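Heads up: the structure comes next, in structure tokens.
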Amino acid sequence: MPRPNARGVAQEILLRAEAAGQYADRALDAALSREKELGAQDKALVTTLFYGVIEHRITLDYIIDGLSSLAPSSIERSVRMTLRVALYQLLYLDRIPDHAAINEAVELTPRRSKGFVNALLRAFCRQGKAVAYPDCACAPFDYLSVRYSVPTDTAEALCRIFGLDRAEALLAAFEKHPPITVRTNTLKLSREELLSRVPGATPTKNAPFGVVLPSDAPLHTLISEGLCFVQDEASQLAVAALAAEPNMRVLDLCAAPGSKSFGAAMDMANTGEVNSFDLHENKLSLIRRGAAGLGITTLTAAAGDARAARPEVLGTYERVICDVPCSGFGVLAKKPDIRYKDIREAAGLVPVQAAILQAAAALVAPGGILLYSTCTLLPWENEEQVKAFLRTHSDFSLEAWSVGDIACEGMLTLAPDTHGTDGFFIARLRRQE
């Protein structure tokens, strides 16, 4: 039996994911688990090609349609995917020779289309791999759409919110693939001790226990030993803003996969009580396994609808984390398929977020803190949501907080172009005594 070809495997997974409408990470994980013959190096290439083609799909299709002698609708799905994979290599990867990318693409193409694929790819190379993007001055939304591979509606919305220059800066920042950031398990060691164990690791700029890992760090070993867990600096800053202290009662709504719960438990020195809830029962095992691996014994996990506050625990939690379901328009660098969501549909989440925030407020003890957070940059899910809440909850007010070099009057939007983190929103609300 012939050894599987990494480019062919990537193409097949992309085609299956596209046809089934699956989330990218789930489709890739499921497919790679079935590919027993692929070595680690080939699996890494499959992963690079898979996520790269998804991230740059609009740009790649623009190139294909501009060079094609056929009408866009006349190009077979599998042939278009072959061209996407090849063009991604030619345009974005330095280590793969042009002739290898072209020859592999031609080999993977049915006989009837080999000439078409070969001619298109070689034409792209002959023109110096130059891409004639739409004119930014005349058609800014089309330019941003093609250059950064986002739908024109998204480009228009970002320009309306942030202005053209800032919108482009954000989209450019989302093209960068940040290194993995972890939070030190301070129940077992200090950040300085973790840094000394990992050559090339560096401390996060503002989060007090964060560590940025080099690409060759033994992440699996560090996690299996319970020394840390993966958590972006922005999420760590949210936990720092929560200001959990030993022996408190903390509630984490919408908790899966549990990183904020874990951070709060560590800030409390594994004392007091952390109750982690999630709507989906099947996600609770992630929280429980994570807590056990980190040596956290004060955490319990249960299924529950965050929109329905339980009467028996009203006003009993000194800290409540309300990390609501959101559009995800702050983590495009890590979840490239989110960029193709209809940005207008994000408005449909606003009532759900408001219901969760209102239910969460009823659970906060007098004098306690309610932390509202999202991983999106869209104001109607962030600032506007909090302002609407405060108009109907006079017993809550924004409270200033600071961590490292970051200080705010209660609400803060972190962004990849200005803070080097995920796009993330944090609001700290204090309930009156």
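Identifiers for the structure tokens are assigned positionally: chains receive A, B, ... in sequence, residues are indexed from 1 per chain, and ligands are indexed from 1 in the order shown.
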
Item to check | Residues flagged alpha helix (DSSP H) by DSSP in stretch 109-139 of chain A, as a ChimeraX atom specification | outcome: /A:114-126

Next on the checklist: Quick one: residues within 9 Å of A:Val79, only C-alpha atoms, excluding same-chain residues fewer than 4 positions away - as a PyMOL selection string?
Outcome noted: chain A and resi 75+83-84+108-110+113+117

Would you tabulate, counting only C-alpha atoms, all residues of stretch 260-288 of chain A that have an atom at most 12 Å from an atom of stretch 205-225 of chain A, showing the closest pair of atoms and their distance in Å to one decimal, sorted by chain then ascending number, as a tab-separated table?
```
residue	atom	partner	partner_atom	distance
A:Gly263	CA	A:Phe209	CA	9.5
A:Met266	CA	A:Phe209	CA	10.3
A:Asp267	CA	A:Phe209	CA	10.1
```

Selection from above, N, CA, C and O atoms, as a PDB file, in the first residue's frame, can you write it?
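After the write, again-v5.pdb holds the following:
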```
ATOM      1  N   GLY A 263      -7.238  29.230  37.136  1.00  0.00           N
ATOM      2  CA  GLY A 263      -6.486  30.396  37.587  1.00  0.00           C
ATOM      3  C   GLY A 263      -7.023  30.950  38.893  1.00  0.00           C
ATOM      4  O   GLY A 263      -6.252  31.326  39.787  1.00  0.00           O
ATOM      5  N   MET A 266      -5.970  28.800  41.788  1.00  0.00           N
ATOM      6  CA  MET A 266      -4.563  29.025  42.144  1.00  0.00           C
ATOM      7  C   MET A 266      -4.381  30.324  42.892  1.00  0.00           C
ATOM      8  O   MET A 266      -3.610  30.395  43.859  1.00  0.00           O
ATOM      9  N   ASP A 267      -5.086  31.377  42.469  1.00  0.00           N
ATOM     10  CA  ASP A 267      -5.007  32.644  43.186  1.00  0.00           C
ATOM     11  C   ASP A 267      -5.525  32.493  44.611  1.00  0.00           C
ATOM     12  O   ASP A 267      -5.128  33.254  45.508  1.00  0.00           O
TER      13      ASP A 267
END
```

Next on the checklist: When you count only C-alpha atoms, which of these residues is closest to A:Ala255: A:Ala346, A:Ala243, A:Ile321, A:Leu294?
Outcome noted: A:Ile321

Env of A:Gly330: 8 Å cut, atoms = only C-alpha atoms, seq-sep filter 6 positions within chain, self excluded. Answer as a compact mmCIF listing (two decimals) with N, CA, C and O atoms, in the first residue's frame.
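Below is the file selection-v2.txt, written as the result:
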```txt
# COMPACT_ATOMS: atom_id res chain seq x y z
N CYS A 375 -14.26 37.00 24.02
CA CYS A 375 -13.08 36.96 23.15
C CYS A 375 -13.44 37.54 21.78
O CYS A 375 -13.17 36.96 20.74
N THR A 376 -14.08 38.71 21.82
CA THR A 376 -14.46 39.40 20.59
C THR A 376 -14.11 40.88 20.72
O THR A 376 -13.93 41.39 21.83
N LEU A 377 -14.03 41.55 19.57
CA LEU A 377 -13.76 42.98 19.53
C LEU A 377 -15.00 43.80 19.19
O LEU A 377 -14.92 45.02 19.08
N ALA A 415 -6.25 43.86 22.35
CA ALA A 415 -6.24 43.55 20.93
C ALA A 415 -4.85 43.12 20.49
O ALA A 415 -3.85 43.54 21.08
N ASP A 422 -4.76 37.91 22.36
CA ASP A 422 -6.03 37.70 21.68
C ASP A 422 -6.86 38.98 21.80
O ASP A 422 -6.66 39.80 22.71
N GLY A 423 -7.81 39.14 20.89
CA GLY A 423 -8.80 40.18 21.06
C GLY A 423 -9.72 39.77 22.20
O GLY A 423 -10.31 38.69 22.17
N PHE A 424 -9.85 40.61 23.22
CA PHE A 424 -10.51 40.18 24.45
C PHE A 424 -11.07 41.40 25.17
O PHE A 424 -10.45 42.46 25.19
```

Next on the checklist: Among stretch 72-314 of chain A, which residues does DSSP mark as strand (DSSP E or B) when it is run on the backbone? Keep the chain and numbering as in the structure and answer as a list in words.
Outcome noted: Thr181, Val182, Arg183, Thr184, Thr202, Pro203, Gly210, Val211, Val212, Cys228, Phe229, Val230, Arg249, Val250, Leu251, Asp252, Leu253, Glu273, Val274, Asn275, Ser276, Phe277, Asp278, Leu299, Thr300, Ala301, Ala302 and Ala303 of chain A

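Close contacts of stretch 38-43 of chain A, defined as residues with an atom at most 10 Å away when counting only C-alpha atoms, with chain neighbours fewer than 5 positions off set aside, comprise Arg3, Pro4, Asn5, Ala6, Arg7, Val9, Ala10, Leu32, Ser33, Thr48 and Leu49 of chain A.
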
Test item: residues at most 10 Å from A:Leu164, only C-alpha atoms, excluding those fewer than 6 positions along its chain, as a PDB file with C-alpha atoms, in the first residue's frame:
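After the write, part.pdb holds the following:
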```
ATOM      1  CA  CYS A 136      -7.570  50.327  -1.459  1.00  0.00           C
ATOM      2  CA  PRO A 140     -11.283  49.637   0.568  1.00  0.00           C
ATOM      3  CA  PHE A 141     -13.661  46.860   1.616  1.00  0.00           C
ATOM      4  CA  LEU A 144      -9.266  44.292   2.876  1.00  0.00           C
ATOM      5  CA  ALA A 155     -14.235  44.353   6.318  1.00  0.00           C
ATOM      6  CA  GLU A 156     -16.958  47.012   6.118  1.00  0.00           C
ATOM      7  CA  LEU A 158     -14.495  46.654  11.052  1.00  0.00           C
ATOM      8  CA  LEU A 170      -6.098  44.428  13.324  1.00  0.00           C
TER       9      LEU A 170
END
```
